[in-house]
$ cat protein06.cif   # mmCIF, C-alpha atoms
data_target
#
loop_
_atom_site.label_atom_id
_atom_site.label_comp_id
_atom_site.auth_asym_id
_atom_site.auth_seq_id
_atom_site.Cartn_x
_atom_site.Cartn_y
_atom_site.Cartn_z
CA MET A 1315 141.51 130.20 153.07
CA ILE A 1316 143.41 133.08 154.68
CA LYS A 1317 144.25 130.80 157.62
CA GLN A 1318 145.67 128.15 155.27
CA LEU A 1319 147.71 130.75 153.39
CA SER A 1320 149.21 132.12 156.60
CA GLU A 1321 150.12 128.59 157.67
CA LEU A 1322 151.70 127.96 154.28
CA LEU A 1323 153.75 131.12 154.75
CA ARG A 1324 155.08 129.79 158.06
CA TYR A 1325 156.26 126.65 156.28
CA ARG A 1326 157.99 128.54 153.45
CA ASP A 1327 161.37 127.12 154.51
CA LEU A 1328 160.07 123.58 154.00
CA LEU A 1329 158.70 124.60 150.62
CA ALA A 1330 162.08 126.05 149.65
CA GLN A 1331 163.88 122.88 150.77
CA LEU A 1332 161.56 120.70 148.68
CA VAL A 1333 162.15 122.88 145.63
CA VAL A 1334 165.94 122.72 146.09
CA ARG A 1335 165.80 118.97 146.60
CA ASP A 1336 163.77 118.49 143.41
CA LEU A 1337 166.24 120.57 141.43
CA LYS A 1338 169.20 118.61 142.82
CA VAL A 1339 167.64 115.16 142.39
CA ARG A 1340 166.57 115.86 138.82
CA TYR A 1341 170.16 116.43 137.67
CA LYS A 1342 172.02 114.29 140.18
CA ASN A 1343 175.22 112.84 138.65
CA SER A 1344 174.50 114.76 135.45
CA VAL A 1345 177.35 116.60 133.72
CA LEU A 1346 175.21 119.00 131.69
CA GLY A 1347 172.68 119.61 134.47
CA PHE A 1348 170.09 122.25 133.58
CA PHE A 1349 170.85 122.04 129.87
CA TRP A 1350 169.14 118.66 129.72
CA SER A 1351 165.86 120.49 130.39
CA LEU A 1352 166.53 122.49 127.22
CA ALA A 1353 167.58 119.51 125.11
CA ASN A 1354 164.07 118.07 124.71
CA PRO A 1355 162.31 121.30 123.62
CA LEU A 1356 165.19 122.26 121.33
CA ILE A 1357 165.14 118.88 119.60
CA GLN A 1358 161.35 118.95 119.31
CA VAL A 1359 161.39 122.47 117.90
CA ALA A 1360 164.12 121.55 115.42
CA ILE A 1361 162.10 118.57 114.13
CA ILE A 1362 158.89 120.60 113.91
CA THR A 1363 160.68 123.40 112.05
CA VAL A 1364 162.18 121.00 109.51
CA VAL A 1365 158.80 119.36 108.87
CA VAL A 1366 156.90 122.64 108.57
CA LYS A 1367 159.45 124.52 106.50
CA CYS A 1368 160.93 121.75 104.37
CA VAL A 1369 157.94 119.42 103.96
CA MET A 1370 154.91 121.73 104.29
CA ARG A 1371 156.98 124.70 103.09
CA VAL A 1372 155.26 127.37 105.13
CA GLY A 1373 157.32 130.43 104.17
CA ILE A 1374 157.65 132.18 107.54
CA PRO A 1375 161.22 133.35 108.29
CA ASN A 1376 162.70 132.18 111.61
CA TYR A 1377 159.77 129.83 112.15
CA SER A 1378 161.72 128.04 114.89
CA ALA A 1379 161.44 131.15 117.08
CA TYR A 1380 157.63 131.14 116.75
CA VAL A 1381 157.53 127.48 117.74
CA LEU A 1382 160.02 127.79 120.60
CA VAL A 1383 158.30 130.79 122.21
CA ALA A 1384 155.11 128.72 122.41
CA TYR A 1385 156.77 125.41 123.28
CA LEU A 1386 158.51 126.72 126.41
CA PRO A 1387 155.31 127.77 128.26
CA TRP A 1388 153.73 124.51 127.09
CA MET A 1389 156.58 122.53 128.64
CA PHE A 1390 156.11 124.41 131.93
CA PHE A 1391 152.41 123.57 131.81
CA GLN A 1392 152.90 119.93 130.86
CA MET A 1393 155.76 119.08 133.21
CA SER A 1394 154.11 120.77 136.20
CA LEU A 1395 150.89 118.83 135.77
CA MET A 1396 152.67 115.51 135.22
CA ASP A 1397 155.07 115.96 138.15
CA ALA A 1398 152.40 117.25 140.54
CA SER A 1399 150.02 114.40 139.77
CA GLN A 1400 152.36 112.07 141.68
CA SER A 1401 153.63 114.58 144.25
CA VAL A 1402 151.40 113.47 147.15
CA LEU A 1403 151.76 109.74 146.50
CA MET A 1404 155.55 110.05 146.36
CA HIS A 1405 155.57 111.29 149.96
CA ARG A 1406 153.01 108.92 151.46
CA ASP A 1407 155.35 107.81 154.25
CA LEU A 1408 156.14 111.39 155.20
CA LEU A 1409 152.45 112.31 155.28
CA LYS A 1410 151.77 109.66 157.92
CA LYS A 1411 154.61 110.76 160.22
CA VAL A 1412 155.02 114.54 160.09
CA TYR A 1413 152.60 117.44 160.22
CA PHE A 1414 152.96 120.11 157.53
CA PRO A 1415 150.64 121.81 155.03
CA ARG A 1416 150.07 119.16 152.39
CA GLU A 1417 149.89 121.75 149.60
CA VAL A 1418 153.64 122.33 149.77
CA LEU A 1419 154.12 119.05 147.87
CA PRO A 1420 152.44 120.00 144.58
CA LEU A 1421 153.51 123.65 144.97
CA SER A 1422 157.16 122.63 145.20
CA MET A 1423 156.81 120.86 141.85
CA VAL A 1424 155.25 123.93 140.27
CA ILE A 1425 157.98 126.24 141.59
CA ALA A 1426 160.77 123.88 140.48
CA ASN A 1427 159.35 123.75 136.96
CA LEU A 1428 158.81 127.51 137.01
CA ILE A 1429 162.53 127.99 137.71
CA HIS A 1430 163.37 125.79 134.72
CA PHE A 1431 160.93 127.78 132.61
CA LEU A 1432 162.48 131.11 133.60
CA LEU A 1433 165.98 129.85 132.87
CA ALA A 1434 164.80 128.59 129.48
CA ILE A 1435 163.27 132.02 128.77
CA VAL A 1436 166.67 133.61 129.45
CA VAL A 1437 168.27 131.26 126.91
CA PHE A 1438 165.47 132.10 124.46
CA PHE A 1439 166.22 135.82 124.75
CA VAL A 1440 169.90 135.13 124.10
CA TYR A 1441 168.82 133.22 120.98
CA LEU A 1442 166.68 136.18 119.86
CA LEU A 1443 169.27 138.89 120.51
CA VAL A 1444 172.48 137.13 119.50
CA TYR A 1445 171.49 134.67 116.77
CA LEU A 1446 168.37 136.22 115.21
CA ARG A 1447 169.34 139.81 116.08
CA THR A 1448 165.73 140.55 116.95
CA PRO A 1449 165.12 144.17 117.98
CA ILE A 1450 164.06 144.79 121.57
CA VAL A 1451 160.36 145.65 121.79
CA VAL A 1452 158.51 147.36 124.63
CA THR A 1453 156.05 144.47 124.97
CA TRP A 1454 158.84 142.40 126.55
CA LEU A 1455 157.98 144.31 129.73
CA PHE A 1456 154.72 142.32 129.89
CA LEU A 1457 156.61 139.02 130.26
CA PRO A 1458 156.30 138.89 134.11
CA VAL A 1459 152.54 139.36 133.76
CA LEU A 1460 152.27 136.47 131.30
CA VAL A 1461 154.39 134.22 133.51
CA LEU A 1462 152.26 135.10 136.55
CA ILE A 1463 149.00 134.36 134.72
CA GLU A 1464 150.26 130.97 133.55
CA ALA A 1465 151.71 130.17 136.98
CA LEU A 1466 148.29 130.80 138.57
CA LEU A 1467 146.60 128.56 136.00
CA VAL A 1468 149.17 125.80 136.49
CA THR A 1469 148.98 126.07 140.29
CA GLY A 1470 145.21 125.68 140.36
CA LEU A 1471 145.22 122.71 138.00
CA THR A 1472 148.06 120.95 139.83
CA LEU A 1473 146.23 121.29 143.15
CA PHE A 1474 143.14 119.70 141.64
CA ILE A 1475 145.09 116.91 139.93
CA SER A 1476 147.42 116.05 142.83
CA CYS A 1477 144.44 115.81 145.19
CA LEU A 1478 142.25 113.75 142.87
CA ASN A 1479 145.11 111.36 142.09
CA VAL A 1480 145.27 110.35 145.76
CA PHE A 1481 141.73 108.98 145.55
CA TYR A 1482 141.65 107.94 141.89
CA GLU A 1483 145.03 106.87 140.52
CA ASP A 1484 143.60 106.78 137.01
CA ILE A 1485 143.91 110.56 137.05
CA LYS A 1486 147.60 110.52 136.10
CA TYR A 1487 146.81 108.46 133.00
CA ILE A 1488 143.87 110.69 132.08
CA VAL A 1489 146.09 113.76 132.45
CA SER A 1490 148.68 112.25 130.12
CA VAL A 1491 146.06 111.54 127.44
CA VAL A 1492 144.43 114.97 127.77
CA LEU A 1493 147.80 116.72 127.52
CA ASN A 1494 148.58 114.84 124.30
CA ILE A 1495 145.27 116.00 122.85
CA PHE A 1496 145.68 119.59 123.99
CA PHE A 1497 149.14 119.79 122.44
CA TYR A 1498 147.44 119.82 119.04
CA LEU A 1499 144.56 122.05 120.16
CA THR A 1500 147.02 124.68 121.37
CA PRO A 1501 148.85 126.99 118.89
CA ILE A 1502 152.33 125.58 119.39
CA ILE A 1503 153.41 123.96 116.14
CA TYR A 1504 151.12 126.25 114.16
CA LEU A 1505 150.09 129.91 114.35
CA SER A 1506 146.71 131.02 115.66
CA GLU A 1507 146.12 132.78 112.34
CA MET A 1508 146.16 129.38 110.65
CA VAL A 1509 143.06 128.57 112.70
CA HIS A 1510 141.42 131.95 112.17
CA ALA A 1511 141.87 132.17 108.38
CA PRO A 1512 139.77 129.10 107.37
CA LEU A 1513 137.15 129.79 110.06
CA ALA A 1514 136.76 133.41 108.94
CA ALA A 1515 136.53 132.32 105.29
CA ALA A 1516 133.75 129.90 106.24
CA GLY A 1517 131.90 132.57 108.22
CA ARG A 1518 132.60 130.86 111.55
CA GLY A 1519 134.66 133.53 113.25
CA SER A 1520 132.81 132.92 116.54
CA LEU A 1521 134.51 129.51 116.79
CA PHE A 1522 137.88 131.26 116.86
CA ALA A 1523 136.62 133.33 119.80
CA LEU A 1524 135.80 130.08 121.62
CA TYR A 1525 139.27 128.82 120.72
CA GLN A 1526 140.83 131.85 122.43
CA LEU A 1527 138.63 131.45 125.51
CA ILE A 1528 140.74 128.42 126.46
CA PRO A 1529 143.12 130.10 128.97
CA LEU A 1530 146.27 128.32 127.81
CA ASN A 1531 145.58 129.22 124.18
CA ALA A 1532 145.18 132.90 125.03
CA ILE A 1533 148.37 132.83 127.13
CA ILE A 1534 150.49 131.17 124.44
CA ILE A 1535 149.15 133.54 121.77
CA ALA A 1536 150.14 136.43 124.06
CA PHE A 1537 153.67 135.00 124.50
CA ARG A 1538 154.07 134.84 120.74
CA LYS A 1539 152.63 138.30 120.08
CA MET A 1540 154.50 140.10 122.86
CA LEU A 1541 157.94 138.52 122.54
CA LEU A 1542 158.31 138.32 118.77
CA VAL A 1543 157.99 140.82 115.96
CA PRO A 1544 155.10 140.29 113.48
CA TYR A 1545 155.82 137.65 110.85
CA THR A 1546 155.22 137.77 107.11
CA VAL A 1547 154.48 135.12 104.51
CA PRO A 1548 156.64 135.88 101.43
CA PRO A 1549 154.40 136.19 98.32
CA HIS A 1550 156.91 134.44 96.05
CA ARG A 1551 156.56 131.12 97.89
CA GLU A 1552 154.56 128.78 95.64
CA ILE A 1553 153.27 126.43 98.31
CA ALA A 1554 152.83 129.28 100.79
CA ALA A 1555 150.20 130.78 98.48
CA GLN A 1556 147.52 129.04 100.51
CA PHE A 1557 148.47 131.32 103.40
CA GLN A 1558 148.37 134.59 101.46
CA ASN A 1559 145.03 135.59 103.02
CA MET A 1560 146.51 134.95 106.47
CA SER A 1561 147.53 138.32 107.90
CA ASN A 1562 149.29 138.79 111.21
CA MET A 1563 146.61 139.52 113.80
CA PRO A 1564 147.28 141.89 116.71
CA LEU A 1565 146.91 140.56 120.24
CA ASP A 1566 143.33 140.77 121.51
CA TYR A 1567 143.82 141.87 125.11
CA ARG A 1568 140.24 140.98 125.98
CA PHE A 1569 140.97 137.28 125.77
CA LEU A 1570 144.18 137.68 127.77
CA ALA A 1571 142.18 139.48 130.47
CA ILE A 1572 139.62 136.66 130.47
CA ALA A 1573 142.46 134.13 130.74
CA ALA A 1574 143.85 136.07 133.73
CA VAL A 1575 140.47 136.08 135.50
CA LEU A 1576 139.94 132.37 134.81
CA SER A 1577 143.47 131.56 136.00
CA ILE A 1578 142.91 133.39 139.29
CA ALA A 1579 139.56 131.63 139.75
CA ILE A 1580 141.09 128.21 138.99
CA ALA A 1581 143.95 128.87 141.44
CA LEU A 1582 141.54 129.85 144.23
CA LEU A 1583 139.17 126.96 143.56
CA GLY A 1584 142.04 124.49 143.33
CA TYR A 1585 143.47 125.68 146.63
CA ALA A 1586 140.08 125.53 148.34
CA TYR A 1587 139.39 122.04 147.00
CA PHE A 1588 142.82 120.76 148.02
CA ASN A 1589 142.46 122.12 151.55
CA ALA A 1590 138.98 120.62 151.88
CA ARG A 1591 140.32 117.11 151.26
CA LYS A 1592 143.98 117.13 152.28
CA TRP A 1593 143.49 115.82 155.83
CA SER A 1594 141.99 112.58 154.52
CA PHE A 1595 145.13 111.79 152.51
CA ALA A 1596 146.73 109.73 155.28
CA GLU A 1597 143.67 107.50 155.58
CA GLN A 1598 143.49 106.98 151.83
CA LEU A 1599 147.20 106.19 151.54
#
$ encode --input "protein06.cif" --output "structure tokens"
Amino acid sequence: MIKQLSELLRYRDLLAQLVVRDLKVRYKNSVLGFFWSLANPLIQVAIITVVVKCVMRVGIPNYSAYVLVAYLPWMFFQMSLMDASQSVLMHRDLLKKVYFPREVLPLSMVIANLIHFLLAIVVFFVYLLVYLRTPIVVTWLFLPVLVLIEALLVTGLTLFISCLNVFYEDIKYIVSVVLNIFFYLTPIIYLSEMVHAPLAAAGRGSLFALYQLIPLNAIIIAFRKMLLVPYTVPPHREIAAQFQNMSNMPLDYRFLAIAAVLSIAIALLGYAYFNARKWSFAEQL
């Protein structure tokens, strides 16, 4: 694996060119450019907030911030997996003509989406500081660690998916279906405490531990806990009374550490698997 990594380092210019090309092609002839990548999550968050606050009437102030801080890492996860699933097939002609480390194709997709994610995070901080006037908290310093953990998880999964999709093109459809399911299994439109409260009341707290063992769940919970101040459910809200036994839970660093270890393992295994099969791509294509 060290040999493959050193070769990848030698081709870093090619990787950079692919990333730049993806960024340019995505917004070619577009007036608003990068802001289109923010339009979808902002619209989704606005709709979710209206439904939750006006229909379900969950009385959590600034609920849109709690949704947005979870939706942005989800978008990075989702878009990277969807883009990378087709990354090798999109360059089938190039693979047959030119020698280069095949892993630069899915990695370029991950890096391009990571850049969008980081830019969106900057806009999110502007929203917190200027519009919501959220106080700066020391846990913001952990943001690079959270981004790194998720980037490792995404990288490993994209390497697996992009490789498998060369041999089984059903993979891209399976990934789409699984992502739709996981959107609702991940604490994005709801808070993790909304899962914990009924499980704890039923004496099934161990199921919540299993819920947090899913790496993406632990990562998104950490984003929410570290970037936002603790929320409260106002006691005077009539319909919010069902959430009165739902207290704000502190971040359990054990599950974040487990997510970090699993993300590193998935990245290493994904890279090893990709390298074991990449030289048969040309024959398959």
$ residues_around --input "protein06.cif" --residues "Pro1458 of chain A" --least-positions-apart "5" --cutoff "10 Å" --atoms "only C-alpha atoms" --output "PyMOL selection string"
chain A and resi 1432+1463-1464
$ resolve_selection --input "protein06.cif" --expression "the PyMOL selection byres ((chain A and resi 1378) around 8)" --output "PyMOL selection string"
chain A and resi 1359-1360+1363+1376-1377+1379-1382
$ residues_around --input "protein06.cif" --residues "Val1451 of chain A" --least-positions-apart "4" --cutoff "9 Å" --atoms "all atoms listed in the file" --output "PyMOL selection string"
chain A and resi 1455+1540-1543
$ residues_around --input "protein06.cif" --residues "Val1468 of chain A" --least-positions-apart "4" --cutoff "12 Å" --atoms "all atoms listed in the file" --output "MDAnalysis selection string"
chainID A and resid 1387:1399 1420:1421 1423:1425 1427:1428 1461:1464 1472:1476 1529:1530 1533 1574 1576:1582 1584:1585
$ write_last_selection --input "protein06.cif" --atoms "C-alpha atoms" --output "PDB file, in the coordinates of the input"
ATOM      1  CA  PRO A1387     155.310 127.770 128.260  1.00  0.00           C
ATOM      2  CA  TRP A1388     153.730 124.510 127.090  1.00  0.00           C
ATOM      3  CA  MET A1389     156.580 122.530 128.640  1.00  0.00           C
ATOM      4  CA  PHE A1390     156.110 124.410 131.930  1.00  0.00           C
ATOM      5  CA  PHE A1391     152.410 123.570 131.810  1.00  0.00           C
ATOM      6  CA  GLN A1392     152.900 119.930 130.860  1.00  0.00           C
ATOM      7  CA  MET A1393     155.760 119.080 133.210  1.00  0.00           C
ATOM      8  CA  SER A1394     154.110 120.770 136.200  1.00  0.00           C
ATOM      9  CA  LEU A1395     150.890 118.830 135.770  1.00  0.00           C
ATOM     10  CA  MET A1396     152.670 115.510 135.220  1.00  0.00           C
ATOM     11  CA  ASP A1397     155.070 115.960 138.150  1.00  0.00           C
ATOM     12  CA  ALA A1398     152.400 117.250 140.540  1.00  0.00           C
ATOM     13  CA  SER A1399     150.020 114.400 139.770  1.00  0.00           C
ATOM     14  CA  PRO A1420     152.440 120.000 144.580  1.00  0.00           C
ATOM     15  CA  LEU A1421     153.510 123.650 144.970  1.00  0.00           C
ATOM     16  CA  MET A1423     156.810 120.860 141.850  1.00  0.00           C
ATOM     17  CA  VAL A1424     155.250 123.930 140.270  1.00  0.00           C
ATOM     18  CA  ILE A1425     157.980 126.240 141.590  1.00  0.00           C
ATOM     19  CA  ASN A1427     159.350 123.750 136.960  1.00  0.00           C
ATOM     20  CA  LEU A1428     158.810 127.510 137.010  1.00  0.00           C
ATOM     21  CA  VAL A1461     154.390 134.220 133.510  1.00  0.00           C
ATOM     22  CA  LEU A1462     152.260 135.100 136.550  1.00  0.00           C
ATOM     23  CA  ILE A1463     149.000 134.360 134.720  1.00  0.00           C
ATOM     24  CA  GLU A1464     150.260 130.970 133.550  1.00  0.00           C
ATOM     25  CA  THR A1472     148.060 120.950 139.830  1.00  0.00           C
ATOM     26  CA  LEU A1473     146.230 121.290 143.150  1.00  0.00           C
ATOM     27  CA  PHE A1474     143.140 119.700 141.640  1.00  0.00           C
ATOM     28  CA  ILE A1475     145.090 116.910 139.930  1.00  0.00           C
ATOM     29  CA  SER A1476     147.420 116.050 142.830  1.00  0.00           C
ATOM     30  CA  PRO A1529     143.120 130.100 128.970  1.00  0.00           C
ATOM     31  CA  LEU A1530     146.270 128.320 127.810  1.00  0.00           C
ATOM     32  CA  ILE A1533     148.370 132.830 127.130  1.00  0.00           C
ATOM     33  CA  ALA A1574     143.850 136.070 133.730  1.00  0.00           C
ATOM     34  CA  LEU A1576     139.940 132.370 134.810  1.00  0.00           C
ATOM     35  CA  SER A1577     143.470 131.560 136.000  1.00  0.00           C
ATOM     36  CA  ILE A1578     142.910 133.390 139.290  1.00  0.00           C
ATOM     37  CA  ALA A1579     139.560 131.630 139.750  1.00  0.00           C
ATOM     38  CA  ILE A1580     141.090 128.210 138.990  1.00  0.00           C
ATOM     39  CA  ALA A1581     143.950 128.870 141.440  1.00  0.00           C
ATOM     40  CA  LEU A1582     141.540 129.850 144.230  1.00  0.00           C
ATOM     41  CA  GLY A1584     142.040 124.490 143.330  1.00  0.00           C
ATOM     42  CA  TYR A1585     143.470 125.680 146.630  1.00  0.00           C
TER      43      TYR A1585
END
$ resolve_selection --input "protein06.cif" --expression "the PyMOL selection byres ((chain A and resi 1499-1505) around 7)" --output "JSON, numbers by chain"
{"A": [1362, 1381, 1384, 1385, 1495, 1496, 1497, 1498, 1506, 1507, 1508, 1531]}
$ atom_distance --input "protein06.cif" --atom1 "atom CA of Thr1453 of chain A" --atom2 "atom CA of Phe1537 of chain A"
9.8 Å
$ axis_aligned_box --input "protein06.cif" --around "segment 1441-1458 of chain A" --padding-each-side "5 Å" --output "JSON"
{"center_x": 163.6, "center_y": 140.3, "center_z": 124.7, "size_x": 27.8, "size_y": 24.1, "size_z": 28.9}
$ closest_residue --input "protein06.cif" --among "A:Val1436, A:Cys1477, A:Leu1332, A:Leu1419" --to "Ala1586 of chain A" --atoms "only C-alpha atoms"
A:Cys1477
$ closest_residue --input "protein06.cif" --among "A:Val1418, A:Ile1534, A:Val1491, A:Leu1513" --to "Leu1386 of chain A" --atoms "all atoms listed in the file"
A:Ile1534
$ atom_distance --input "protein06.cif" --atom1 "atom CA of Trp1593 of chain A" --atom2 "atom CA of Tyr1482 of chain A"
16.1 Å
$ closest_residue --input "protein06.cif" --among "A:Asn1562, A:Gln1400, A:Thr1448, A:Asn1494" --to "Asn1479 of chain A" --atoms "only C-alpha atoms"
A:Gln1400
$ closest_residue --input "protein06.cif" --among "A:His1405, A:His1510, A:Arg1568, A:Lys1338" --to "Ala1532 of chain A" --atoms "all atoms listed in the file"
A:Arg1568
$ build_atoms --input "protein06.cif" --residues "segment 1494-1512 of chain A" --atoms "N, CA and C atoms" --output "tab-separated table (two decimals), in the coordinates of the input"
chain	number	residue	atom	x	y	z
A	1494	ASN	N	148.24	115.18	125.68
A	1494	ASN	CA	148.58	114.84	124.30
A	1494	ASN	C	147.57	115.42	123.32
A	1495	ILE	N	146.30	115.42	123.71
A	1495	ILE	CA	145.27	116.00	122.85
A	1495	ILE	C	145.41	117.52	122.78
A	1496	PHE	N	145.61	118.14	123.94
A	1496	PHE	CA	145.68	119.59	123.99
A	1496	PHE	C	146.92	120.14	123.30
A	1497	PHE	N	147.95	119.33	123.17
A	1497	PHE	CA	149.14	119.79	122.44
A	1497	PHE	C	148.77	120.22	121.02
A	1498	TYR	N	147.84	119.51	120.41
A	1498	TYR	CA	147.44	119.82	119.04
A	1498	TYR	C	146.30	120.84	118.99
A	1499	LEU	N	145.61	121.04	120.10
A	1499	LEU	CA	144.56	122.05	120.16
A	1499	LEU	C	145.11	123.41	120.56
A	1500	THR	N	146.37	123.45	120.93
A	1500	THR	CA	147.02	124.68	121.37
A	1500	THR	C	147.96	125.17	120.26
A	1501	PRO	N	148.01	126.48	119.99
A	1501	PRO	CA	148.85	126.99	118.89
A	1501	PRO	C	150.34	126.95	119.22
A	1502	ILE	N	150.91	125.76	119.11
A	1502	ILE	CA	152.33	125.58	119.39
A	1502	ILE	C	153.09	125.32	118.10
A	1503	ILE	N	152.72	124.28	117.38
A	1503	ILE	CA	153.41	123.96	116.14
A	1503	ILE	C	152.81	124.72	114.96
A	1504	TYR	N	151.73	125.43	115.20
A	1504	TYR	CA	151.12	126.25	114.16
A	1504	TYR	C	150.77	127.61	114.75
A	1505	LEU	N	150.45	128.57	113.90
A	1505	LEU	CA	150.09	129.91	114.35
A	1505	LEU	C	148.58	130.01	114.52
A	1506	SER	N	148.15	130.86	115.43
A	1506	SER	CA	146.71	131.02	115.66
A	1506	SER	C	145.99	131.53	114.42
A	1507	GLU	N	146.71	132.29	113.58
A	1507	GLU	CA	146.12	132.78	112.34
A	1507	GLU	C	145.76	131.65	111.38
A	1508	MET	N	146.46	130.53	111.50
A	1508	MET	CA	146.16	129.38	110.65
A	1508	MET	C	144.82	128.75	111.04
A	1509	VAL	N	144.39	129.01	112.26
A	1509	VAL	CA	143.06	128.57	112.70
A	1509	VAL	C	142.01	129.61	112.30
A	1510	HIS	N	142.37	130.87	112.46
A	1510	HIS	CA	141.42	131.95	112.17
A	1510	HIS	C	141.07	132.06	110.70
A	1511	ALA	N	142.08	131.94	109.81
A	1511	ALA	CA	141.87	132.17	108.38
A	1511	ALA	C	140.77	131.28	107.78
A	1512	PRO	N	140.82	129.94	107.96
A	1512	PRO	CA	139.77	129.10	107.37
A	1512	PRO	C	138.41	129.30	108.05
